[in-house]
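Participant: Attaching a single structure in structure tokens format; questions to follow.
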Amino acid sequence: MIGRDKNRTLWMVLKIDRLDPSELTVIEDSTAYSEIECFDLLRRIHEGNRSSGGLKFVTACYGIVGFIKFLGSYSMMLITKRKKIGAICGHTVYAISKSEMIPISKSPNQSNMAYSKNEKRYKKLLLTVDLTKDFFFSYTYNVMHSLQRNLCRNETGE
């Protein structure tokens, strides 16, 4: 997974191991890449994995809501559309307009029909949670803390 700043000057890599579907291994690469370096890295990874299909673009996103596992392998909940709703102390705050659940494993295990049926049921139940209603986020302001707590830490977006 690739992330970048809004000026496209800093590119970062989040490595998600997909070999063992029962384990979630996520590693943030500490290297900050330029755009050219990042695309060169992706090209080399694609060429190195060409025999298994190489890299494939899945979706653009604005954030990770989280990772979840029911009975099968892990999935990742992503923010795929956002809407600016305001600012607090100079920090932009967004609402989630659309989210998407992406399976992490290469090939979901479909061997047990009852298991698969329950997995689908649990995912369907999770998707009934409407993240477009009253779910907010900011890249620079902790919306989970009160304004008073954030002000005591002297956080401003200016």
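Note on naming: chains are A, B, ... as they come in the structure tokens, residues start from 1 per chain, ligands start from 1 in the order shown.
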Just list the residues in chain A DSSP gives helix (DSSP H, G or I) on the backbone, as a ChimeraX atom specification.

Facilitator: /A:35-48,50-52,113-126,147-152

Participant: Excluding range 126-140 of chain A and any residue of its chain fewer than 6 positions from it, enumerate the residues within 6 Å of it, using only C-alpha atoms, and give them as a ChimeraX atom specification.

Facilitator: /A:93-97

Participant: Using only C-alpha atoms, find the one residue out of A:Lys15, A:Arg121, A:Arg50, A:Arg4 that sits nearest to Tyr33 in chain A.

Facilitator: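 Closest to Tyr33 in chain A of all the choices is A:Arg4.
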
Participant: Among chain A, which residues does DSSP mark as strand (DSSP E or B) when it is run on the backbone? Keep the chain and numbering as in the structure and answer as a ChimeraX atom specification.

Facilitator: /A:2-4,11-17,25-28,33,63-68,75-88,91-103,136-137

Participant: Selection from above, C-alpha atoms, as a PDB file, in the first residue's frame, can you write it?

Facilitator:
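Saved file out06.pdb follows:
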ATOM      1  CA  ILE A   2       1.373   3.415  -0.973  1.00  0.00           C
ATOM      2  CA  GLY A   3       0.660   6.691   0.795  1.00  0.00           C
ATOM      3  CA  ARG A   4       1.718  10.210  -0.064  1.00  0.00           C
ATOM      4  CA  TRP A  11       5.799   8.793  -0.517  1.00  0.00           C
ATOM      5  CA  MET A  12       5.629   6.004   2.083  1.00  0.00           C
ATOM      6  CA  VAL A  13       5.109   2.237   1.840  1.00  0.00           C
ATOM      7  CA  LEU A  14       2.981   0.043   4.096  1.00  0.00           C
ATOM      8  CA  LYS A  15       3.861  -3.626   3.598  1.00  0.00           C
ATOM      9  CA  ILE A  16       1.022  -6.089   4.213  1.00  0.00           C
ATOM     10  CA  ASP A  17       2.109  -9.734   4.220  1.00  0.00           C
ATOM     11  CA  THR A  25       1.551  -8.689   9.513  1.00  0.00           C
ATOM     12  CA  VAL A  26       1.753  -4.993   8.647  1.00  0.00           C
ATOM     13  CA  ILE A  27       5.099  -3.194   8.473  1.00  0.00           C
ATOM     14  CA  GLU A  28       5.579   0.507   7.826  1.00  0.00           C
ATOM     15  CA  TYR A  33      10.577   7.996  -1.062  1.00  0.00           C
ATOM     16  CA  GLY A  63      -7.403   6.262   4.866  1.00  0.00           C
ATOM     17  CA  ILE A  64      -7.593   2.921   6.614  1.00  0.00           C
ATOM     18  CA  VAL A  65     -10.541   2.455   8.968  1.00  0.00           C
ATOM     19  CA  GLY A  66      -9.091  -0.822  10.222  1.00  0.00           C
ATOM     20  CA  PHE A  67      -8.433  -4.509   9.714  1.00  0.00           C
ATOM     21  CA  ILE A  68     -10.961  -7.210  10.570  1.00  0.00           C
ATOM     22  CA  SER A  75      -9.916  -7.789   5.327  1.00  0.00           C
ATOM     23  CA  MET A  76      -9.072  -4.106   5.293  1.00  0.00           C
ATOM     24  CA  MET A  77     -11.739  -1.396   5.567  1.00  0.00           C
ATOM     25  CA  LEU A  78     -10.738   1.648   3.501  1.00  0.00           C
ATOM     26  CA  ILE A  79     -12.097   5.175   3.123  1.00  0.00           C
ATOM     27  CA  THR A  80     -12.581   5.523  -0.640  1.00  0.00           C
ATOM     28  CA  LYS A  81     -14.411   8.868  -0.674  1.00  0.00           C
ATOM     29  CA  ARG A  82     -14.344  11.739   1.800  1.00  0.00           C
ATOM     30  CA  LYS A  83     -16.039  15.089   2.222  1.00  0.00           C
ATOM     31  CA  LYS A  84     -14.546  18.120   3.937  1.00  0.00           C
ATOM     32  CA  ILE A  85     -16.978  19.193   6.652  1.00  0.00           C
ATOM     33  CA  GLY A  86     -15.018  21.864   8.494  1.00  0.00           C
ATOM     34  CA  ALA A  87     -11.967  22.685  10.551  1.00  0.00           C
ATOM     35  CA  ILE A  88     -11.022  22.721  14.227  1.00  0.00           C
ATOM     36  CA  HIS A  91      -7.116  21.266  11.219  1.00  0.00           C
ATOM     37  CA  THR A  92      -9.331  20.034   8.372  1.00  0.00           C
ATOM     38  CA  VAL A  93     -11.995  17.512   9.422  1.00  0.00           C
ATOM     39  CA  TYR A  94     -13.572  15.083   6.949  1.00  0.00           C
ATOM     40  CA  ALA A  95     -16.636  12.843   6.885  1.00  0.00           C
ATOM     41  CA  ILE A  96     -16.532   9.432   5.249  1.00  0.00           C
ATOM     42  CA  SER A  97     -18.573   9.468   2.020  1.00  0.00           C
ATOM     43  CA  LYS A  98     -17.786   5.901   0.931  1.00  0.00           C
ATOM     44  CA  SER A  99     -15.890   2.921   2.309  1.00  0.00           C
ATOM     45  CA  GLU A 100     -14.869  -0.425   0.884  1.00  0.00           C
ATOM     46  CA  MET A 101     -13.818  -3.747   2.401  1.00  0.00           C
ATOM     47  CA  ILE A 102     -10.840  -5.316   0.625  1.00  0.00           C
ATOM     48  CA  PRO A 103      -9.763  -8.928   1.329  1.00  0.00           C
ATOM     49  CA  PHE A 136     -15.272  11.805  11.090  1.00  0.00           C
ATOM     50  CA  PHE A 137     -11.497  11.935  10.737  1.00  0.00           C
TER      51      PHE A 137
END
